[in-house]
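First up is the structure itself, then whatever we jot down about it.
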Amino acid sequence: MFALLGCGIVVLAGCGSMPVTGDVKAVDASQPGDSQVQVYAVAPREGAPPSEIVDGFLESMTSDDPAFATTRKYLSADARRTWQPGGGTTVLAQAPTRSGPLLHDGDNRATRDKATTYTLTGEKVAAVDAQSSYRPLAPTDYSQTLHLVLEKGADGKQEWRIDVVPDGLVLGQSDFKRLYRPVNKYYFATGRTNGQSTLVADPVYVRNRTDPVTRMDTAAQTVRTLLAGPTNWLRPVVDSRFPTGTALRKGVIALPQDDQNVLKVPLNDKADKASPSACRMMAAQVLFTLGDLTSARVERVELEGGEGRLCALDADDAPEFSADHGSDGDDSQYFINDKGQVEQIPGATDGTGTPEPVTGPLGSGTVPMSAVGVARDEQRAAAVSSHGEHLYVSSLETEGELADPLVSSKAKKAADRLSSPSWDGRGDLWVADRDPAGPRLLRLTGGTGEPQEVRVPGLDGARIEELRMSADGVRIALLLTKDGRTTLNIGRVERRGSSVAPEISVEDLRQAAPQLTDVTAISWSGRSRLVVVGKEEGGVQQVRYVQADGSTSASGSLPGVNQVQSVAAADDELLPLMAETVGDGIVKLSPGDNWQTVLKQGTSLVYPG
C-alpha cells in the first residue's frame, strides 16, 4: 500500500506492514526507532474491497503524507472534511489488528452491499494529546470501529469509503518512535522568592522531519509548541514570557541556522509588546528549547518582531537561567562509610577521586548516619541517623557540634521511619516520615526551622517510600507503595499563600513507568529525565532511563548490573551514573563505558540534590 524509502520504491506490503488479504496479523510498518525511513502513502485502487480500504487507511496514517491528502482519499466526502489527524495520537504496543466485517441484528444482503463495519483492536500503552503531551498508560484493551459506505465518486463509480472515523492517529509503538521525537520546551518557574528566574522543562513530542499538517520542519514545530504555552499538567507552576498571542510570523515553516550557528526566529507583531528584559527571557526559552534539537549547537538566538529585530541571547549567557545557576559546587559525590560518617569523592568528572571525610560533625561521625542528602550549593548536608529516627542538618564548611535533629520519627521499625532526604534548587529540604500511624511528607524552608507538612491529595492510600526533588523545585519523584507494589510517580509542587504562611501541595500524581510493577530506586538525571531501577511483571531487575512524562526511548536501557539498591545521577548528564549494589559495592557507569567498581564499602552515595 506504500512506497517505502529504504526498502526501495516498492509497495509497503513488500517491506512488511498491515496485511490486505488472508488472516489478519499485526506487523509493524518499520523497524523500531528507524527515524530515517520515510513512508509514502498510496491512494486506494479502483474497486478496492472494504478490507483493503481499512488496511490502506491504517497504513497511510504511518506515512509522511503531506497534509494527509492521500490518507483522506480513503474517507467519504464528509469525513474527509471533518477528520482531524492532529486531534491526538493513540499508541498501541503493536500496529492495530483489523477484523470484520461485523454483522449486526437486522443486517441483510442489501444493507451489507451498501455499508459495513470493521473493528480495530490492540493493546493501548500511551496517548499523546492535542498539546503533544505524552502520557504512558498501564496496558489496556483498545477497540475502535470504522464504518464504511459505498459512495459515488467524481467519475460516477461506486467506491467503498470510511464515513465514521475518530479524530487523531492510531499507531503502533515502532511507528510512533519512527515518526515522532521527544523534545523539552522551557518555561519559567513561578513563585520564586529569591529573584532568580529558573527554566523548567516541559516534555512534548514533535514530528520527525516535516509535520504533515503544518508542513513545518522540526525546529519550527518545536518553537510553535513553545509559543502555544505550557502543557496543562505543568501550567499551574510555570509562566511564559511571550506576550499573549505571540506566534511565528505567517508563512514561516522552517527555522534554519546560518553558517555562524545563529538562529533567527521571526515572530508576529504581538511580540513587540515585550520589554527588553522580558524579550531576553523569551530568547532564553527558545535557546534552551532548541538546545538538544539540532546536531550543531545554537550559539545565538535572535528574535524578530513585526517591526524588526527585538533582542538576542548568546549561548554563553544562557546558564544564568538554568536551575543550578548560582551553585558554587563542583558536583562531587558523597556517601556514608562503614562507620556511619559522611565522606566526599572530589573531582566527580570521572568518579575516581580519593574519598575524604567532609568538614563538620557529619564527617567526624559523632552520630552514625544511614542516609545523606547534600544541598546543591554543597555548603550544607542533611543526614538521617543510623536507624532512621532523626534528621540532622549540618554545615559542610565549618567545624562544630551537631545541632539537635530537625525531624524525628516515632515509628517502631526502622523501615517505617525517615526516608533519604532531598534538596530542591530553591534550597528547601524534603523528607518523608513513613510512620504507619502518621505518614507525612515534610518540607523545611531553606533547610532550617520547623518542618511543614505538605499535602499530597492523590496518594489514595499509598505510602511514600522515597522521594527525589528536581533541580527546578516544581516536580517531585515519589516511590509509592500500595498493595505490595512500589511504583514511580511524578507530582507537581504547587506553592500558594504568602512567604510567611506558604501552602505547599503535591498535585496531579502521574505514574511515570507503569510497565514496571516494582520500582526500588530513582534519581533525577538532567532536567527532565530519571534513572529508574525496577522490574516488569515476572521479569528481572533492570536499570533504565525514563523521561519525566513517562516515555522511554530505544536507548533507555542501560547495561545490566547485579542487585542494585540505590542509584545516583547528576544534573550534568556527562557525569558518571553511580549505583550501590550487593556484592560489588559502589559502581559507576561513565558514558560509553561499562560498570566499574569505585568503592567496595559505602552506602547512600549521592550527588548534590
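Residues are referred to by chain and number: the chain letter is A, B, ... according to the order shown in the C-alpha cells, the number counts from 1 in that chain, and ligands are numbered separately from 1 in the order shown.
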
Checklist entry - Neighbours of segment 296-298 of chain A within 12 Å (only C-alpha atoms; same-chain residues fewer than 5 positions away dropped), as a ChimeraX atom specification? => result /A:219,255-264,283-284,286-291,313-316,318

Item to check | All residues 12 Å or closer to Asp571 of chain A, only C-alpha atoms, same chain fewer than 3 positions away omitted, as a PyMOL selection string | outcome: chain A and resi 322-325+327+330-332+376+424-425+469-472+523-531+568+574-577+606-609

Checklist entry - Using only C-alpha atoms, which of the listed residues (A:Thr517, A:Ser133, A:Thr294, A:Ser566) sits closest to Val206 of chain A? => result A:Ser133

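Comparing A:Arg178, A:Arg443, A:Arg417, A:Arg300 by their smallest distance to Trp430 of chain A, the closest is A:Arg443 (using only C-alpha atoms).
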
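Picture a line from atom CA of Gly388 of chain A to atom CA of Gly491 of chain A; it runs 24.7 Å.
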
Checklist entry - Got a sec to tell me which of segment 31-96 of chain A DSSP assigns to strand (DSSP E or B), as number ranges by chain? => result A: 38-41, 75, 89-92

Let's have the selection written as a PDB file, in the first residue's frame, with N, CA, C and O atoms.
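What landed in result00.pdb:
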```
ATOM      1  N   GLN A  38      11.357   6.750   5.419  1.00  0.00           N
ATOM      2  CA  GLN A  38      10.216   7.569   5.049  1.00  0.00           C
ATOM      3  C   GLN A  38       9.211   6.708   4.305  1.00  0.00           C
ATOM      4  O   GLN A  38       9.569   5.954   3.395  1.00  0.00           O
ATOM      5  N   VAL A  39       7.952   6.821   4.720  1.00  0.00           N
ATOM      6  CA  VAL A  39       6.883   6.037   4.120  1.00  0.00           C
ATOM      7  C   VAL A  39       5.964   6.983   3.365  1.00  0.00           C
ATOM      8  O   VAL A  39       5.552   8.014   3.892  1.00  0.00           O
ATOM      9  N   TYR A  40       5.645   6.613   2.129  1.00  0.00           N
ATOM     10  CA  TYR A  40       4.803   7.458   1.292  1.00  0.00           C
ATOM     11  C   TYR A  40       3.474   6.759   1.032  1.00  0.00           C
ATOM     12  O   TYR A  40       3.428   5.574   0.697  1.00  0.00           O
ATOM     13  N   ALA A  41       2.399   7.511   1.224  1.00  0.00           N
ATOM     14  CA  ALA A  41       1.067   6.951   1.071  1.00  0.00           C
ATOM     15  C   ALA A  41       0.728   6.721  -0.400  1.00  0.00           C
ATOM     16  O   ALA A  41       1.207   7.421  -1.289  1.00  0.00           O
ATOM     17  N   LEU A  75     -11.407   8.202   2.894  1.00  0.00           N
ATOM     18  CA  LEU A  75     -12.581   8.643   3.640  1.00  0.00           C
ATOM     19  C   LEU A  75     -13.676   9.124   2.703  1.00  0.00           C
ATOM     20  O   LEU A  75     -13.429   9.521   1.552  1.00  0.00           O
ATOM     21  N   THR A  89      -2.863  11.297  19.435  1.00  0.00           N
ATOM     22  CA  THR A  89      -2.363  10.027  18.927  1.00  0.00           C
ATOM     23  C   THR A  89      -2.553   8.945  19.977  1.00  0.00           C
ATOM     24  O   THR A  89      -2.193   9.133  21.144  1.00  0.00           O
ATOM     25  N   THR A  90      -3.124   7.830  19.559  1.00  0.00           N
ATOM     26  CA  THR A  90      -3.227   6.640  20.402  1.00  0.00           C
ATOM     27  C   THR A  90      -2.069   5.722  20.044  1.00  0.00           C
ATOM     28  O   THR A  90      -1.879   5.388  18.867  1.00  0.00           O
ATOM     29  N   VAL A  91      -1.284   5.328  21.039  1.00  0.00           N
ATOM     30  CA  VAL A  91      -0.113   4.478  20.811  1.00  0.00           C
ATOM     31  C   VAL A  91      -0.428   3.074  21.316  1.00  0.00           C
ATOM     32  O   VAL A  91      -0.771   2.882  22.485  1.00  0.00           O
ATOM     33  N   LEU A  92      -0.318   2.093  20.413  1.00  0.00           N
ATOM     34  CA  LEU A  92      -0.544   0.698  20.750  1.00  0.00           C
ATOM     35  C   LEU A  92       0.774  -0.048  20.822  1.00  0.00           C
ATOM     36  O   LEU A  92       1.771   0.367  20.223  1.00  0.00           O
TER      37      LEU A  92
END
```

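Using only C-alpha atoms, the shortest contact distance between Ala312 of chain A and any of A:Thr190, A:Thr225, A:Gln333, A:Gln285 is found at A:Gln285.
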
Next on the checklist: Which residues are near Gly305 of chain A? Cut-off 7 Å, only C-alpha atoms, ignore same chain within fewer than 3 positions. Put them as a PyMOL selection string.
Outcome noted: chain A and resi 266-269+271-272+308-310

Selected residues written out, N, CA and C atoms, as an mmCIF file, in the first residue's frame:
```cif
data_model
loop_
_atom_site.group_PDB
_atom_site.id
_atom_site.type_symbol
_atom_site.label_atom_id
_atom_site.label_comp_id
_atom_site.auth_asym_id
_atom_site.auth_seq_id
_atom_site.Cartn_x
_atom_site.Cartn_y
_atom_site.Cartn_z
ATOM 1 N N PRO A 266 11.436 34.641 13.389
ATOM 2 C CA PRO A 266 10.504 35.715 13.024
ATOM 3 C C PRO A 266 9.166 35.523 13.732
ATOM 4 N N LEU A 267 8.757 36.499 14.529
ATOM 5 C CA LEU A 267 7.510 36.440 15.283
ATOM 6 C C LEU A 267 6.527 37.489 14.770
ATOM 7 N N ASN A 268 5.255 37.327 15.123
ATOM 8 C CA ASN A 268 4.264 38.323 14.711
ATOM 9 C C ASN A 268 4.376 39.568 15.596
ATOM 10 N N ASP A 269 3.539 40.555 15.307
ATOM 11 C CA ASP A 269 3.678 41.843 15.994
ATOM 12 C C ASP A 269 3.272 41.803 17.469
ATOM 13 N N ALA A 271 4.691 40.085 19.635
ATOM 14 C CA ALA A 271 5.955 40.017 20.373
ATOM 15 C C ALA A 271 6.532 41.400 20.640
ATOM 16 N N ASP A 272 6.102 42.409 19.887
ATOM 17 C CA ASP A 272 6.644 43.760 20.057
ATOM 18 C C ASP A 272 6.290 44.351 21.422
ATOM 19 N N GLY A 308 10.878 44.305 13.118
ATOM 20 C CA GLY A 308 12.315 44.051 13.022
ATOM 21 C C GLY A 308 12.858 43.365 14.257
ATOM 22 N N ARG A 309 14.163 43.412 14.404
ATOM 23 C CA ARG A 309 14.820 42.691 15.485
ATOM 24 C C ARG A 309 14.413 43.220 16.851
ATOM 25 N N LEU A 310 14.126 42.288 17.763
ATOM 26 C CA LEU A 310 13.730 42.655 19.122
ATOM 27 C C LEU A 310 14.888 42.532 20.102
#
```

Item to check | Length of the atom CA of Val519 of chain A to atom CA of Gln601 of chain A vector [Å] | outcome: 24.0 Å

Checklist entry - Can you list, as a ChimeraX atom specification, every protein, DNA or RNA residue that comes within 8 Å of segment 445-450 of chain A when you count only C-alpha atoms, leaving out same-chain residues fewer than 5 positions away? => result /A:393,406,426-429

Write the selection just made, keeping all heavy atoms, as a compact mmCIF listing (two decimals), in the first residue's frame?
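And here is the file that came out, result.txt:
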```txt
# COMPACT_ATOMS: atom_id res chain seq x y z
N VAL A 393 20.75 18.54 60.07
CA VAL A 393 21.31 19.40 59.04
C VAL A 393 22.57 20.03 59.59
O VAL A 393 22.59 20.52 60.73
CB VAL A 393 20.31 20.49 58.60
CG1 VAL A 393 20.98 21.46 57.62
CG2 VAL A 393 19.08 19.86 57.96
N LEU A 406 16.15 18.12 63.39
CA LEU A 406 15.04 18.97 62.96
C LEU A 406 13.76 18.17 62.76
O LEU A 406 12.66 18.74 62.81
CB LEU A 406 15.40 19.69 61.65
CG LEU A 406 16.56 20.69 61.75
CD1 LEU A 406 16.83 21.31 60.39
CD2 LEU A 406 16.26 21.76 62.77
N ARG A 426 15.70 25.43 45.11
CA ARG A 426 15.39 26.63 45.88
C ARG A 426 16.08 26.63 47.23
O ARG A 426 15.93 27.57 47.99
CB ARG A 426 13.87 26.72 46.08
CG ARG A 426 13.08 26.80 44.79
CD ARG A 426 11.60 26.60 45.07
NE ARG A 426 10.83 26.63 43.83
CZ ARG A 426 9.95 27.58 43.50
NH1 ARG A 426 9.73 28.57 44.33
NH2 ARG A 426 9.30 27.53 42.36
N GLY A 427 16.76 25.53 47.58
CA GLY A 427 17.41 25.42 48.87
C GLY A 427 16.53 24.85 49.95
O GLY A 427 16.88 24.86 51.14
N ASP A 428 15.36 24.31 49.58
CA ASP A 428 14.47 23.69 50.55
C ASP A 428 14.79 22.21 50.68
O ASP A 428 15.20 21.55 49.71
CB ASP A 428 13.01 23.86 50.14
CG ASP A 428 12.57 25.32 50.15
OD1 ASP A 428 13.25 26.13 50.82
OD2 ASP A 428 11.57 25.65 49.49
N LEU A 429 14.56 21.66 51.87
CA LEU A 429 14.87 20.27 52.19
C LEU A 429 13.57 19.49 52.34
O LEU A 429 12.62 19.95 52.98
CB LEU A 429 15.68 20.21 53.48
CG LEU A 429 16.04 18.83 54.03
CD1 LEU A 429 16.90 18.05 53.05
CD2 LEU A 429 16.75 18.97 55.38
```

Give me, as a PDB file with all heavy atoms, in the first residue's frame, all polymer residues having an atom no more than 8 Å from segment 587-592 of chain A, counting only C-alpha atoms and skipping those fewer than 3 positions away in the same chain.
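Contents of part-v2.pdb, as written:
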```
ATOM      1  N   ASP A 350      35.177  11.918  36.729  1.00  0.00           N
ATOM      2  CA  ASP A 350      35.434  10.514  36.403  1.00  0.00           C
ATOM      3  C   ASP A 350      35.134   9.573  37.568  1.00  0.00           C
ATOM      4  O   ASP A 350      35.250   8.355  37.440  1.00  0.00           O
ATOM      5  CB  ASP A 350      36.889  10.310  35.945  1.00  0.00           C
ATOM      6  CG  ASP A 350      37.902  10.729  37.013  1.00  0.00           C
ATOM      7  OD1 ASP A 350      37.475  11.054  38.137  1.00  0.00           O
ATOM      8  OD2 ASP A 350      39.098  10.710  36.710  1.00  0.00           O
ATOM      9  N   GLY A 351      34.739  10.107  38.724  1.00  0.00           N
ATOM     10  CA  GLY A 351      34.374   9.267  39.850  1.00  0.00           C
ATOM     11  C   GLY A 351      35.527   8.505  40.456  1.00  0.00           C
ATOM     12  O   GLY A 351      35.336   7.503  41.129  1.00  0.00           O
ATOM     13  N   LEU A 574      26.773  14.325  31.645  1.00  0.00           N
ATOM     14  CA  LEU A 574      28.088  13.800  31.266  1.00  0.00           C
ATOM     15  C   LEU A 574      28.814  13.162  32.446  1.00  0.00           C
ATOM     16  O   LEU A 574      29.794  12.442  32.261  1.00  0.00           O
ATOM     17  CB  LEU A 574      28.952  14.915  30.666  1.00  0.00           C
ATOM     18  CG  LEU A 574      28.439  15.528  29.363  1.00  0.00           C
ATOM     19  CD1 LEU A 574      29.387  16.630  28.898  1.00  0.00           C
ATOM     20  CD2 LEU A 574      28.291  14.468  28.271  1.00  0.00           C
ATOM     21  N   LEU A 575      28.350  13.436  33.667  1.00  0.00           N
ATOM     22  CA  LEU A 575      28.969  12.836  34.839  1.00  0.00           C
ATOM     23  C   LEU A 575      28.516  11.382  34.967  1.00  0.00           C
ATOM     24  O   LEU A 575      27.420  11.018  34.531  1.00  0.00           O
ATOM     25  CB  LEU A 575      28.602  13.618  36.094  1.00  0.00           C
ATOM     26  CG  LEU A 575      29.141  15.044  36.159  1.00  0.00           C
ATOM     27  CD1 LEU A 575      28.656  15.737  37.418  1.00  0.00           C
ATOM     28  CD2 LEU A 575      30.664  15.061  36.095  1.00  0.00           C
ATOM     29  N   PRO A 576      29.337  10.532  35.573  1.00  0.00           N
ATOM     30  CA  PRO A 576      29.006   9.103  35.612  1.00  0.00           C
ATOM     31  C   PRO A 576      27.780   8.818  36.466  1.00  0.00           C
ATOM     32  O   PRO A 576      27.504   9.510  37.455  1.00  0.00           O
ATOM     33  CB  PRO A 576      30.267   8.466  36.206  1.00  0.00           C
ATOM     34  CG  PRO A 576      30.950   9.560  36.947  1.00  0.00           C
ATOM     35  CD  PRO A 576      30.659  10.814  36.177  1.00  0.00           C
ATOM     36  N   LEU A 577      27.047   7.788  36.065  1.00  0.00           N
ATOM     37  CA  LEU A 577      25.954   7.262  36.861  1.00  0.00           C
ATOM     38  C   LEU A 577      26.541   6.336  37.911  1.00  0.00           C
ATOM     39  O   LEU A 577      27.421   5.528  37.624  1.00  0.00           O
ATOM     40  CB  LEU A 577      24.988   6.491  35.956  1.00  0.00           C
ATOM     41  CG  LEU A 577      23.852   5.725  36.629  1.00  0.00           C
ATOM     42  CD1 LEU A 577      22.910   6.681  37.339  1.00  0.00           C
ATOM     43  CD2 LEU A 577      23.102   4.892  35.599  1.00  0.00           C
ATOM     44  N   MET A 578      26.072   6.454  39.152  1.00  0.00           N
ATOM     45  CA  MET A 578      26.587   5.647  40.250  1.00  0.00           C
ATOM     46  C   MET A 578      25.476   4.737  40.770  1.00  0.00           C
ATOM     47  O   MET A 578      24.288   5.072  40.696  1.00  0.00           O
ATOM     48  CB  MET A 578      27.101   6.534  41.380  1.00  0.00           C
ATOM     49  CG  MET A 578      28.040   7.652  40.947  1.00  0.00           C
ATOM     50  SD  MET A 578      29.611   7.080  40.265  1.00  0.00           S
ATOM     51  CE  MET A 578      30.415   6.497  41.763  1.00  0.00           C
ATOM     52  N   ALA A 579      25.860   3.585  41.314  1.00  0.00           N
ATOM     53  CA  ALA A 579      24.881   2.656  41.874  1.00  0.00           C
ATOM     54  C   ALA A 579      25.487   1.933  43.067  1.00  0.00           C
ATOM     55  O   ALA A 579      26.686   1.612  43.075  1.00  0.00           O
ATOM     56  CB  ALA A 579      24.428   1.653  40.819  1.00  0.00           C
ATOM     57  N   GLU A 580      24.659   1.697  44.062  1.00  0.00           N
ATOM     58  CA  GLU A 580      25.055   0.881  45.203  1.00  0.00           C
ATOM     59  C   GLU A 580      24.521  -0.522  44.987  1.00  0.00           C
ATOM     60  O   GLU A 580      23.314  -0.705  44.759  1.00  0.00           O
ATOM     61  CB  GLU A 580      24.491   1.470  46.493  1.00  0.00           C
ATOM     62  CG  GLU A 580      24.820   0.647  47.732  1.00  0.00           C
ATOM     63  CD  GLU A 580      24.071   1.112  48.956  1.00  0.00           C
ATOM     64  OE1 GLU A 580      23.552   2.254  48.937  1.00  0.00           O
ATOM     65  OE2 GLU A 580      23.994   0.340  49.928  1.00  0.00           O
ATOM     66  N   THR A 581      25.386  -1.529  45.034  1.00  0.00           N
ATOM     67  CA  THR A 581      24.998  -2.900  44.736  1.00  0.00           C
ATOM     68  C   THR A 581      25.322  -3.818  45.908  1.00  0.00           C
ATOM     69  O   THR A 581      26.121  -3.485  46.797  1.00  0.00           O
ATOM     70  CB  THR A 581      25.737  -3.420  43.491  1.00  0.00           C
ATOM     71  OG1 THR A 581      27.138  -3.538  43.795  1.00  0.00           O
ATOM     72  CG2 THR A 581      25.551  -2.486  42.309  1.00  0.00           C
ATOM     73  N   ASP A 584      29.136  -6.026  44.883  1.00  0.00           N
ATOM     74  CA  ASP A 584      30.161  -5.257  44.167  1.00  0.00           C
ATOM     75  C   ASP A 584      30.407  -3.883  44.775  1.00  0.00           C
ATOM     76  O   ASP A 584      31.251  -3.125  44.287  1.00  0.00           O
ATOM     77  CB  ASP A 584      29.769  -5.093  42.696  1.00  0.00           C
ATOM     78  CG  ASP A 584      29.798  -6.410  41.945  1.00  0.00           C
ATOM     79  OD1 ASP A 584      30.653  -7.250  42.269  1.00  0.00           O
ATOM     80  OD2 ASP A 584      28.947  -6.602  41.046  1.00  0.00           O
ATOM     81  N   TRP A 595      30.055  -0.832  33.590  1.00  0.00           N
ATOM     82  CA  TRP A 595      30.094  -0.610  35.027  1.00  0.00           C
ATOM     83  C   TRP A 595      31.466  -0.971  35.584  1.00  0.00           C
ATOM     84  O   TRP A 595      32.052  -1.990  35.217  1.00  0.00           O
ATOM     85  CB  TRP A 595      29.033  -1.451  35.729  1.00  0.00           C
ATOM     86  CG  TRP A 595      27.624  -1.026  35.452  1.00  0.00           C
ATOM     87  CD1 TRP A 595      26.754  -1.602  34.568  1.00  0.00           C
ATOM     88  CD2 TRP A 595      26.911   0.050  36.072  1.00  0.00           C
ATOM     89  NE1 TRP A 595      25.547  -0.945  34.586  1.00  0.00           N
ATOM     90  CE2 TRP A 595      25.613   0.072  35.508  1.00  0.00           C
ATOM     91  CE3 TRP A 595      27.237   0.984  37.043  1.00  0.00           C
ATOM     92  CZ2 TRP A 595      24.644   0.996  35.889  1.00  0.00           C
ATOM     93  CZ3 TRP A 595      26.268   1.914  37.428  1.00  0.00           C
ATOM     94  CH2 TRP A 595      24.991   1.912  36.856  1.00  0.00           C
ATOM     95  N   GLN A 596      31.959  -0.122  36.485  1.00  0.00           N
ATOM     96  CA  GLN A 596      33.245  -0.369  37.140  1.00  0.00           C
ATOM     97  C   GLN A 596      33.106  -0.102  38.637  1.00  0.00           C
ATOM     98  O   GLN A 596      32.424   0.834  39.056  1.00  0.00           O
ATOM     99  CB  GLN A 596      34.337   0.549  36.570  1.00  0.00           C
ATOM    100  CG  GLN A 596      34.615   0.340  35.092  1.00  0.00           C
ATOM    101  CD  GLN A 596      35.651   1.321  34.564  1.00  0.00           C
ATOM    102  OE1 GLN A 596      36.146   2.156  35.310  1.00  0.00           O
ATOM    103  NE2 GLN A 596      35.982   1.209  33.298  1.00  0.00           N
ATOM    104  N   THR A 597      33.761  -0.931  39.449  1.00  0.00           N
ATOM    105  CA  THR A 597      33.704  -0.749  40.894  1.00  0.00           C
ATOM    106  C   THR A 597      34.518   0.468  41.316  1.00  0.00           C
ATOM    107  O   THR A 597      35.661   0.649  40.887  1.00  0.00           O
ATOM    108  CB  THR A 597      34.233  -1.996  41.616  1.00  0.00           C
ATOM    109  OG1 THR A 597      33.397  -3.109  41.283  1.00  0.00           O
ATOM    110  CG2 THR A 597      34.214  -1.793  43.123  1.00  0.00           C
ATOM    111  N   VAL A 598      33.925   1.311  42.173  1.00  0.00           N
ATOM    112  CA  VAL A 598      34.589   2.501  42.704  1.00  0.00           C
ATOM    113  C   VAL A 598      34.986   2.278  44.160  1.00  0.00           C
ATOM    114  O   VAL A 598      36.104   2.577  44.570  1.00  0.00           O
ATOM    115  CB  VAL A 598      33.675   3.745  42.590  1.00  0.00           C
ATOM    116  CG1 VAL A 598      34.342   4.963  43.216  1.00  0.00           C
ATOM    117  CG2 VAL A 598      33.331   4.017  41.139  1.00  0.00           C
ATOM    118  N   LEU A 599      34.050   1.755  44.958  1.00  0.00           N
ATOM    119  CA  LEU A 599      34.290   1.509  46.376  1.00  0.00           C
ATOM    120  C   LEU A 599      33.671   0.171  46.763  1.00  0.00           C
ATOM    121  O   LEU A 599      32.527  -0.115  46.403  1.00  0.00           O
ATOM    122  CB  LEU A 599      33.659   2.607  47.235  1.00  0.00           C
ATOM    123  CG  LEU A 599      34.197   4.036  47.090  1.00  0.00           C
ATOM    124  CD1 LEU A 599      33.254   5.000  47.810  1.00  0.00           C
ATOM    125  CD2 LEU A 599      35.597   4.144  47.651  1.00  0.00           C
TER     126      LEU A 599
END
```

Next on the checklist: Need to verify the contact set: Ser240 of chain A, 8 Å, only C-alpha atoms, exclusion of same-chain residues closer than 5 positions in sequence. Can you return it as a PyMOL selection string?
Outcome noted: chain A and resi 187-188+229-230+282
